[in-house]
Amino acid sequence: MTRKLLAHSASLALAMALPLAVPAHADTPAFDLAGPDLRVSITREGITLPIGAVPQLAPGDKVKVEALLPADQTAHYLLVAAFLRDPTNPPPGKWFKTSQSWKKAGHGGGPITLTVPAGAQHLALFLAPETGGDEKTLRDAVQARPGAFVRAAQDLEQASLDRSRYDAYLAAIRHISASAPDTLAHLAPAIAQSLHIKINDACLQRPAEVQAACLMDAKQSAVLGGDDSSSTSSLSGAATDLALSVSATPAAGLGYFSPYISAVHEIIGIFGAMHTARYQYIPALGAPHGDRLALALNTPPSFANPKSVLMAALPPIRPGKPPDLHLANAAVAPCFGGASQVLPMASAPLLYATAYARDLEIRLEPVGAPGIDLPLTPDAPRGGLAIAFPATLPALSAGPLHGKVQGHWGFDPFTGPDVTLDLPGRWQWQQSGPNKGDGTLSLTGAPAACVATVTASTGDGTAVPLSWKAGGADELAITFTAKESGRDKTAPITLTITGPQGTAPAHVTITPPPKTPQPAADIIARNIQRPHADQPQAATISLGSPDEIPADARFSFTLKARGNDRFGPRDSVEVATATGDAMTRLTPGNGLTLVDPSVVIASLTPAQALGASAYGPLRARVVRAGVAGDWLALGTLVRLPRITQMICPAASTAGVTGAATKGPPASATTASATPPSNAPCTLSAEGLYLLASLSAKKDFDGAISVPEGYPGLSIIVPRPVDGSLYLRLHDAPEAVNTLTLPRP
């Protein structure tokens, strides 16, 4: 029954609880009307705390409530306090107490002083317009329908916690936007993570001057996420991009998931069920600020029948439960006196959103020295508890410091996680591994958490800050460029690493890696292995220049190291066109074979390695450790058409290609007699656009030109003489090549 009731208690719509956007039910207004304030304080065992510092009430607590109405208030409000218990068990009449707020103390007015009775679970406060007999009417309504008022109290209690998180988020965004707007893109996600709020990342991609407005615009920004197990509800209507997921634990901000959006209308139904001829009940959401409870309304109150009764709720009455604080990254110990000075905390959104935590401190126990108490302050932008170090730190020996977080959560003392703080110790750093010269560097030595700054000394002695991050407990990963350090990469650089106060800076001189010499080699041999024709009697193209490299051939070349140079297993050979439009890299085992330290053989099929569009002058070079040698000419890459057949007129005795021609046998043979006719023939081929011109004579007298970019599959050509044609290729127009036609 209780669990089911708690699930129903999530029915208060977040759109009502927070001044966000038009909710799923457009007729449900947000809590954007300022109501009256209440002054509330709670006393337990002789200690008095303001309402803003109390997460739960307990039996026996003394509660003091006073309505803070303006001096010129004309409407008389009756302040009624009522304790509630089980939904099926009406509260007794003695659990109600009334104050006529317009009267002075001792004359029926003034503060109400209550003692929380045993068995009570909620404390509801009502502000009702004076009508005469109003106290009895209100008491009768609560006793007649206790379950409806219990549900309303539960919703209002949780909504106040959720609103406190959103208010803290807005306050932090406004502060950063006003003081350091350039840091908003970096800090906003950290604030959202601390408060378990999901924001729209697109806001952070906008110009700095509009980021804050976007992040605070509920129609563009998602808010109030639960823990990682929570699902997500979506707001429809005007705010389709607003995703809300709310955690609804009674006092810790984590736990079961509350479907606020889907149940946005239920709270209205609850208060509608309380409606009588004389009274209508409207919810008042309380935002605590010290001892003041500022009420916000979602409906304008009415002073005509039915008059509006404002209902608010104080924290629930249940055993105290401090937050389960734990370090966000226990593997990396913060530094005692370090620059960060923050204990990163996880899963504690109400730690940053409320004033429940008080007297927080970390108690350190140094070996052989008195204990040290350092105050802690919740810091949402930095995601943890900021440590307040004294102006002068005590001298401590090297080694980690062990301690524990402690403090109060409301009235209850609590102990947090065990904490270890590093000490700078012997502040020395050294380079880890060789300097690769790629703009990154690793140092090892003292605790990385104790590093305050890393700078590089330039030639004129100027210290330029460098980017760095902790790569481990005692490791720094530093990033620098020639521009940042103002230096020549070939010159040594001095890094200065500073630590906490009183620690002498450490200096590390970094020597640049030796420059890798440029590899030198010569091409001493070439080999071209043409693919076999599909048919034994197919026409063949014989290349007229040894410089030509067919794109479909297996092309190999041999490189010999020059002088004292030697090839290694990590060397590679780049092959590219002269224009650089196509390039491939050959490595050992992938086209490159190391014969011995002085000789390598490179092999590739250009059409496969460089693509079908590659052509023209081809070159190669050796690459070693990022240093490339000179380009070496390989030849001219040419693409060849695929000849399918050639047909000449029947009166001709010219031969045909390996593809059988149609017609009588006389047209498919080549006779030795002189042809009776010089009629041209028809040549069929794939890729005729790769030809520049064709001729029956080697001097190209009477040659025909192939139109540029010719897409056809056949073309009229001169009649071959002795079974051959001469052709020039598009990719190498100066070379004369021979098309040989097969004989029967």
# chains A, B, ... in the order shown; residues from 1 in each chain; ligands from 1
>>> residues_around(residues="range 692-701 of chain A", least_positions_apart="5", cutoff="9 Å", atoms="only C-alpha atoms", output="PyMOL selection string")
chain A and resi 706-708+717-721+724-733+736+738
>>> atom_distance(atom1="CA of Gln608 in chain A", atom2="CA of Glu574 in chain A")
14.8 Å
>>> closest_atom_pairs(of="range 287-398 of chain A", to="range 69-87 of chain A", cutoff="12 Å", atoms="only C-alpha atoms", output="JSON lines")
{"residue": "A:Ala294", "atom": "CA", "partner": "A:Leu69", "partner_atom": "CA", "distance": 11.5}
{"residue": "A:Leu295", "atom": "CA", "partner": "A:Leu69", "partner_atom": "CA", "distance": 11.8}
{"residue": "A:Pro301", "atom": "CA", "partner": "A:Ala75", "partner_atom": "CA", "distance": 11.4}
{"residue": "A:Ser302", "atom": "CA", "partner": "A:Ala75", "partner_atom": "CA", "distance": 10.9}
{"residue": "A:Phe303", "atom": "CA", "partner": "A:Ala75", "partner_atom": "CA", "distance": 8.3}
{"residue": "A:Ala304", "atom": "CA", "partner": "A:Ala75", "partner_atom": "CA", "distance": 11.5}
{"residue": "A:Lys307", "atom": "CA", "partner": "A:Tyr77", "partner_atom": "CA", "distance": 11.2}
{"residue": "A:Ser308", "atom": "CA", "partner": "A:Tyr77", "partner_atom": "CA", "distance": 10.6}
{"residue": "A:Val309", "atom": "CA", "partner": "A:Tyr77", "partner_atom": "CA", "distance": 9.2}
{"residue": "A:Leu310", "atom": "CA", "partner": "A:Leu79", "partner_atom": "CA", "distance": 9.6}
{"residue": "A:Met311", "atom": "CA", "partner": "A:Val80", "partner_atom": "CA", "distance": 9.5}
{"residue": "A:Ala312", "atom": "CA", "partner": "A:Ala81", "partner_atom": "CA", "distance": 9.7}
{"residue": "A:Ala313", "atom": "CA", "partner": "A:Ala81", "partner_atom": "CA", "distance": 9.6}
{"residue": "A:Leu314", "atom": "CA", "partner": "A:Ala81", "partner_atom": "CA", "distance": 10.1}
{"residue": "A:Pro315", "atom": "CA", "partner": "A:Phe83", "partner_atom": "CA", "distance": 11.7}
{"residue": "A:Pro316", "atom": "CA", "partner": "A:Leu84", "partner_atom": "CA", "distance": 10.0}
{"residue": "A:Ile317", "atom": "CA", "partner": "A:Arg85", "partner_atom": "CA", "distance": 9.6}
{"residue": "A:Arg318", "atom": "CA", "partner": "A:Arg85", "partner_atom": "CA", "distance": 11.3}
>>> write_last_selection(atoms="N, CA and C atoms", output="compact mmCIF listing (two decimals), in the first residue's frame")
# COMPACT_ATOMS: atom_id res chain seq x y z
N ALA A 294 9.23 30.65 0.80
CA ALA A 294 8.55 31.46 -0.20
C ALA A 294 7.59 30.58 -0.98
N LEU A 295 6.32 30.94 -0.97
CA LEU A 295 5.29 30.14 -1.65
C LEU A 295 5.09 30.65 -3.07
N PRO A 301 -5.38 33.19 -6.69
CA PRO A 301 -6.36 32.91 -5.63
C PRO A 301 -7.64 33.73 -5.82
N SER A 302 -8.71 33.15 -5.36
CA SER A 302 -10.02 33.81 -5.45
C SER A 302 -10.52 34.12 -4.05
N PHE A 303 -11.12 35.32 -3.91
CA PHE A 303 -11.69 35.72 -2.62
C PHE A 303 -13.21 35.72 -2.67
N ALA A 304 -13.76 35.22 -3.78
CA ALA A 304 -15.20 35.02 -3.90
C ALA A 304 -15.47 33.53 -3.83
N LYS A 307 -13.87 30.30 -2.21
CA LYS A 307 -12.62 31.00 -1.92
C LYS A 307 -11.44 30.02 -2.00
N SER A 308 -10.28 30.57 -2.32
CA SER A 308 -9.08 29.73 -2.49
C SER A 308 -8.37 29.51 -1.17
N VAL A 309 -8.06 28.26 -0.89
CA VAL A 309 -7.26 27.88 0.27
C VAL A 309 -5.90 27.42 -0.26
N LEU A 310 -4.84 28.09 0.19
CA LEU A 310 -3.50 27.71 -0.23
C LEU A 310 -3.00 26.57 0.65
N MET A 311 -2.48 25.51 0.00
CA MET A 311 -1.95 24.38 0.75
C MET A 311 -0.46 24.24 0.44
N ALA A 312 0.37 24.24 1.48
CA ALA A 312 1.82 24.00 1.36
C ALA A 312 2.18 22.83 2.26
N ALA A 313 3.38 22.31 2.10
CA ALA A 313 3.83 21.18 2.91
C ALA A 313 5.24 21.43 3.40
N LEU A 314 5.50 21.04 4.65
CA LEU A 314 6.84 21.08 5.21
C LEU A 314 7.52 19.74 4.94
N PRO A 315 8.80 19.59 5.25
CA PRO A 315 9.47 18.31 5.00
C PRO A 315 8.74 17.16 5.67
N PRO A 316 8.83 15.96 5.09
CA PRO A 316 8.11 14.81 5.65
C PRO A 316 8.62 14.45 7.04
N ILE A 317 7.81 13.72 7.75
CA ILE A 317 8.15 13.26 9.10
C ILE A 317 8.58 11.81 8.98
N ARG A 318 9.86 11.59 9.04
CA ARG A 318 10.41 10.24 8.91
C ARG A 318 11.83 10.25 9.45
>>> select_by_dssp(residues="range 515-730 of chain A", states="strand (DSSP E or B)", output="ChimeraX atom specification")
/A:521-529,540-542,548-550,554-561,572-577,583-588,590-596,599-604,616-624,627-628,632-638,642-647,681-686,691-695,704-705,714-717,721,724-729
>>> residues_around(residues="Ala561 in chain A", least_positions_apart="2", cutoff="6 Å", atoms="only C-alpha atoms", output="PDB file with N, CA and C atoms, in the first residue's frame")
ATOM      1  N   ALA A 521      67.700   6.244 -52.206  1.00  0.00           N
ATOM      2  CA  ALA A 521      67.695   4.979 -52.938  1.00  0.00           C
ATOM      3  C   ALA A 521      67.618   5.264 -54.433  1.00  0.00           C
ATOM      4  N   ASP A 565      73.234   4.044 -46.652  1.00  0.00           N
ATOM      5  CA  ASP A 565      71.845   3.923 -46.201  1.00  0.00           C
ATOM      6  C   ASP A 565      71.438   2.450 -46.170  1.00  0.00           C
ATOM      7  N   ARG A 566      70.509   2.133 -45.305  1.00  0.00           N
ATOM      8  CA  ARG A 566      70.029   0.769 -45.178  1.00  0.00           C
ATOM      9  C   ARG A 566      68.506   0.772 -45.006  1.00  0.00           C
ATOM     10  N   SER A 598      70.004  -3.701 -48.160  1.00  0.00           N
ATOM     11  CA  SER A 598      70.274  -2.711 -49.199  1.00  0.00           C
ATOM     12  C   SER A 598      69.323  -2.785 -50.380  1.00  0.00           C
TER      13      SER A 598
END
>>> residues_around(residues="Val622 in chain A", least_positions_apart="2", cutoff="9 Å", atoms="only C-alpha atoms", output="ChimeraX atom specification")
/A:518-521,571-574,620,624,627-631
>>> write_last_selection(atoms="all heavy atoms", output="compact mmCIF listing (two decimals), in the first residue's frame")
# COMPACT_ATOMS: atom_id res chain seq x y z
N GLN A 518 67.21 11.77 -44.30
CA GLN A 518 66.35 11.46 -45.44
C GLN A 518 66.84 10.19 -46.12
O GLN A 518 68.01 10.07 -46.47
CB GLN A 518 66.37 12.63 -46.44
CG GLN A 518 65.40 12.47 -47.58
CD GLN A 518 65.49 13.65 -48.54
OE1 GLN A 518 66.58 14.12 -48.85
NE2 GLN A 518 64.34 14.14 -48.98
N PRO A 519 65.94 9.20 -46.30
CA PRO A 519 66.37 7.97 -46.97
C PRO A 519 66.72 8.24 -48.43
O PRO A 519 66.10 9.08 -49.09
CB PRO A 519 65.16 7.05 -46.85
CG PRO A 519 63.99 7.96 -46.65
CD PRO A 519 64.52 9.15 -45.91
N ALA A 520 67.74 7.53 -48.93
CA ALA A 520 68.19 7.71 -50.31
C ALA A 520 68.27 6.35 -50.99
O ALA A 520 68.82 5.39 -50.43
CB ALA A 520 69.55 8.40 -50.34
N ALA A 521 67.70 6.24 -52.21
CA ALA A 521 67.69 4.98 -52.94
C ALA A 521 67.62 5.26 -54.43
O ALA A 521 67.29 6.38 -54.86
CB ALA A 521 66.53 4.11 -52.49
N ASP A 571 60.32 0.60 -42.82
CA ASP A 571 60.30 1.50 -43.96
C ASP A 571 59.09 1.20 -44.84
O ASP A 571 58.56 0.08 -44.84
CB ASP A 571 61.58 1.33 -44.80
CG ASP A 571 62.81 1.88 -44.07
OD1 ASP A 571 62.62 2.49 -43.00
OD2 ASP A 571 63.93 1.68 -44.57
N SER A 572 58.66 2.18 -45.59
CA SER A 572 57.57 2.01 -46.54
C SER A 572 57.93 2.72 -47.83
O SER A 572 58.84 3.55 -47.86
CB SER A 572 56.25 2.55 -45.97
OG SER A 572 56.34 3.93 -45.71
N VAL A 573 57.21 2.39 -48.89
CA VAL A 573 57.41 3.02 -50.19
C VAL A 573 56.07 3.58 -50.66
O VAL A 573 55.07 2.85 -50.69
CB VAL A 573 57.97 2.02 -51.23
CG1 VAL A 573 57.99 2.64 -52.62
CG2 VAL A 573 59.36 1.56 -50.83
N GLU A 574 56.06 4.87 -50.96
CA GLU A 574 54.87 5.51 -51.49
C GLU A 574 54.96 5.56 -53.01
O GLU A 574 56.00 5.95 -53.56
CB GLU A 574 54.71 6.92 -50.93
CG GLU A 574 54.38 6.96 -49.45
CD GLU A 574 54.22 8.37 -48.93
OE1 GLU A 574 54.61 9.33 -49.64
OE2 GLU A 574 53.71 8.52 -47.80
N ALA A 620 57.85 7.23 -57.19
CA ALA A 620 57.91 6.52 -55.91
C ALA A 620 58.96 7.16 -55.03
O ALA A 620 59.89 7.83 -55.51
CB ALA A 620 58.23 5.04 -56.13
N ARG A 624 60.72 6.85 -44.10
CA ARG A 624 61.28 6.23 -42.91
C ARG A 624 61.04 7.14 -41.70
O ARG A 624 61.47 8.28 -41.68
CB ARG A 624 62.78 5.99 -43.08
CG ARG A 624 63.48 5.37 -41.85
CD ARG A 624 64.96 5.14 -42.14
NE ARG A 624 65.13 4.24 -43.28
CZ ARG A 624 66.06 4.40 -44.21
NH1 ARG A 624 66.91 5.41 -44.13
NH2 ARG A 624 66.16 3.54 -45.21
N VAL A 627 59.94 10.59 -42.31
CA VAL A 627 60.79 11.39 -43.20
C VAL A 627 60.80 10.73 -44.57
O VAL A 627 61.08 9.53 -44.70
CB VAL A 627 62.22 11.51 -42.65
CG1 VAL A 627 63.10 12.31 -43.61
CG2 VAL A 627 62.19 12.17 -41.27
N ALA A 628 60.47 11.50 -45.62
CA ALA A 628 60.36 10.96 -46.97
C ALA A 628 61.61 11.28 -47.78
O ALA A 628 62.21 12.37 -47.64
CB ALA A 628 59.13 11.52 -47.66
N GLY A 629 62.00 10.33 -48.63
CA GLY A 629 63.10 10.56 -49.55
C GLY A 629 62.64 11.31 -50.79
O GLY A 629 61.47 11.72 -50.90
N ASP A 630 63.56 11.50 -51.74
CA ASP A 630 63.21 12.19 -52.98
C ASP A 630 62.34 11.29 -53.85
O ASP A 630 62.42 10.06 -53.81
CB ASP A 630 64.49 12.55 -53.75
CG ASP A 630 65.34 13.58 -52.99
OD1 ASP A 630 64.74 14.39 -52.25
OD2 ASP A 630 66.57 13.56 -53.15
N TRP A 631 61.51 11.95 -54.66
CA TRP A 631 60.68 11.21 -55.62
C TRP A 631 61.57 10.65 -56.72
O TRP A 631 62.47 11.31 -57.23
CB TRP A 631 59.61 12.11 -56.23
CG TRP A 631 58.48 12.44 -55.30
CD1 TRP A 631 58.21 13.64 -54.73
CD2 TRP A 631 57.44 11.56 -54.88
NE1 TRP A 631 57.08 13.58 -53.96
CE2 TRP A 631 56.58 12.29 -54.03
CE3 TRP A 631 57.16 10.21 -55.10
CZ2 TRP A 631 55.46 11.75 -53.43
CZ3 TRP A 631 56.03 9.66 -54.50
CH2 TRP A 631 55.20 10.42 -53.67
>>> closest_residue(among="A:Leu38, A:Ser603, A:Leu691, A:Asp596", to="Arg639 in chain A", atoms="only C-alpha atoms")
A:Leu691
>>> atom_distance(atom1="CA of Ser41 in chain A", atom2="CA of Gly60 in chain A")
13.8 Å
>>> residues_around(residues="range 350-353 of chain A", least_positions_apart="4", cutoff="7 Å", atoms="only C-alpha atoms", output="list in words")
Ser164, Arg165, Ala168, Leu195, Ala252, Gly253, Ala357, Pro378, Asp379 and Ala380 of chain A
>>> closest_residue(among="A:Ser714, A:Gln121, A:Thr131, A:Gln501", to="Arg151 in chain A", atoms="only C-alpha atoms")
A:Gln121
>>> select_by_dssp(residues="range 475-704 of chain A", states="helix (DSSP H, G or I)", output="number ranges by chain")
A: 482-485, 606-610, 665-668, 688-690
>>> write_last_selection(atoms="N, CA, C and O atoms", output="PDB file, in the first residue's frame")
ATOM      1  N   ALA A 482      54.984  24.279 -31.216  1.00  0.00           N
ATOM      2  CA  ALA A 482      55.999  25.325 -31.383  1.00  0.00           C
ATOM      3  C   ALA A 482      55.390  26.699 -31.147  1.00  0.00           C
ATOM      4  O   ALA A 482      56.023  27.601 -30.602  1.00  0.00           O
ATOM      5  N   LYS A 483      54.116  26.874 -31.536  1.00  0.00           N
ATOM      6  CA  LYS A 483      53.472  28.170 -31.346  1.00  0.00           C
ATOM      7  C   LYS A 483      53.276  28.469 -29.876  1.00  0.00           C
ATOM      8  O   LYS A 483      53.505  29.583 -29.398  1.00  0.00           O
ATOM      9  N   GLU A 484      52.831  27.442 -29.095  1.00  0.00           N
ATOM     10  CA  GLU A 484      52.575  27.664 -27.673  1.00  0.00           C
ATOM     11  C   GLU A 484      53.851  27.959 -26.903  1.00  0.00           C
ATOM     12  O   GLU A 484      53.888  28.788 -26.013  1.00  0.00           O
ATOM     13  N   SER A 485      54.909  27.267 -27.224  1.00  0.00           N
ATOM     14  CA  SER A 485      56.139  27.443 -26.463  1.00  0.00           C
ATOM     15  C   SER A 485      57.069  28.474 -27.065  1.00  0.00           C
ATOM     16  O   SER A 485      58.092  28.802 -26.482  1.00  0.00           O
ATOM     17  N   PRO A 606      48.690  -1.181 -60.603  1.00  0.00           N
ATOM     18  CA  PRO A 606      48.284   0.225 -60.453  1.00  0.00           C
ATOM     19  C   PRO A 606      46.778   0.448 -60.457  1.00  0.00           C
ATOM     20  O   PRO A 606      46.265   1.269 -59.692  1.00  0.00           O
ATOM     21  N   ALA A 607      46.046  -0.263 -61.331  1.00  0.00           N
ATOM     22  CA  ALA A 607      44.600  -0.035 -61.404  1.00  0.00           C
ATOM     23  C   ALA A 607      43.919  -0.366 -60.086  1.00  0.00           C
ATOM     24  O   ALA A 607      42.934   0.276 -59.706  1.00  0.00           O
ATOM     25  N   GLN A 608      44.444  -1.387 -59.372  1.00  0.00           N
ATOM     26  CA  GLN A 608      43.855  -1.758 -58.086  1.00  0.00           C
ATOM     27  C   GLN A 608      44.337  -0.846 -56.960  1.00  0.00           C
ATOM     28  O   GLN A 608      43.562  -0.449 -56.090  1.00  0.00           O
ATOM     29  N   ALA A 609      45.621  -0.523 -56.970  1.00  0.00           N
ATOM     30  CA  ALA A 609      46.198   0.253 -55.873  1.00  0.00           C
ATOM     31  C   ALA A 609      45.885   1.739 -55.971  1.00  0.00           C
ATOM     32  O   ALA A 609      45.731   2.421 -54.950  1.00  0.00           O
ATOM     33  N   LEU A 610      45.793   2.268 -57.209  1.00  0.00           N
ATOM     34  CA  LEU A 610      45.618   3.713 -57.391  1.00  0.00           C
ATOM     35  C   LEU A 610      44.242   4.084 -57.914  1.00  0.00           C
ATOM     36  O   LEU A 610      43.873   5.262 -57.896  1.00  0.00           O
ATOM     37  N   PRO A 665      33.105 -17.966 -94.400  1.00  0.00           N
ATOM     38  CA  PRO A 665      34.476 -18.166 -93.958  1.00  0.00           C
ATOM     39  C   PRO A 665      35.462 -17.235 -94.615  1.00  0.00           C
ATOM     40  O   PRO A 665      36.453 -16.860 -94.001  1.00  0.00           O
ATOM     41  N   ALA A 666      35.181 -16.786 -95.843  1.00  0.00           N
ATOM     42  CA  ALA A 666      36.145 -15.925 -96.524  1.00  0.00           C
ATOM     43  C   ALA A 666      36.372 -14.629 -95.775  1.00  0.00           C
ATOM     44  O   ALA A 666      37.442 -14.033 -95.831  1.00  0.00           O
ATOM     45  N   SER A 667      35.371 -14.143 -95.022  1.00  0.00           N
ATOM     46  CA  SER A 667      35.514 -12.891 -94.291  1.00  0.00           C
ATOM     47  C   SER A 667      36.247 -13.073 -92.988  1.00  0.00           C
ATOM     48  O   SER A 667      36.542 -12.108 -92.312  1.00  0.00           O
ATOM     49  N   ALA A 668      36.555 -14.294 -92.605  1.00  0.00           N
ATOM     50  CA  ALA A 668      37.208 -14.549 -91.322  1.00  0.00           C
ATOM     51  C   ALA A 668      38.638 -15.007 -91.492  1.00  0.00           C
ATOM     52  O   ALA A 668      39.222 -15.566 -90.597  1.00  0.00           O
ATOM     53  N   LEU A 688      37.116   2.819 -75.705  1.00  0.00           N
ATOM     54  CA  LEU A 688      37.695   3.475 -76.884  1.00  0.00           C
ATOM     55  C   LEU A 688      38.151   4.896 -76.576  1.00  0.00           C
ATOM     56  O   LEU A 688      39.019   5.433 -77.267  1.00  0.00           O
ATOM     57  N   TYR A 689      37.601   5.509 -75.527  1.00  0.00           N
ATOM     58  CA  TYR A 689      38.002   6.861 -75.154  1.00  0.00           C
ATOM     59  C   TYR A 689      39.456   6.921 -74.666  1.00  0.00           C
ATOM     60  O   TYR A 689      40.032   7.999 -74.539  1.00  0.00           O
ATOM     61  N   LEU A 690      40.058   5.745 -74.391  1.00  0.00           N
ATOM     62  CA  LEU A 690      41.464   5.703 -73.990  1.00  0.00           C
ATOM     63  C   LEU A 690      42.413   5.826 -75.183  1.00  0.00           C
ATOM     64  O   LEU A 690      43.629   5.950 -74.995  1.00  0.00           O
TER      65      LEU A 690
END
>>> residues_around(residues="Gly712 in chain A", least_positions_apart="2", cutoff="10 Å", atoms="only C-alpha atoms", output="PyMOL selection string")
chain A and resi 684-689+709-710+714-715
>>> closest_residue(among="A:Arg382, A:Arg363, A:His122, A:Arg530", to="Pro91 in chain A", atoms="only C-alpha atoms")
A:His122
>>> closest_residue(among="A:Phe567, A:Phe96, A:Phe149, A:Trp468", to="Ala625 in chain A", atoms="only C-alpha atoms")
A:Phe567
>>> closest_residue(among="A:Pro546, A:Pro349, A:Pro117, A:Pro742", to="Asp162 in chain A", atoms="only C-alpha atoms")
A:Pro349
>>> atom_distance(atom1="CA of Gly109 in chain A", atom2="CA of Ala67 in chain A")
9.8 Å
>>> closest_residue(among="A:Pro465, A:Ala456, A:Pro514, A:Leu618", to="Ile493 in chain A", atoms="only C-alpha atoms")
A:Ala456
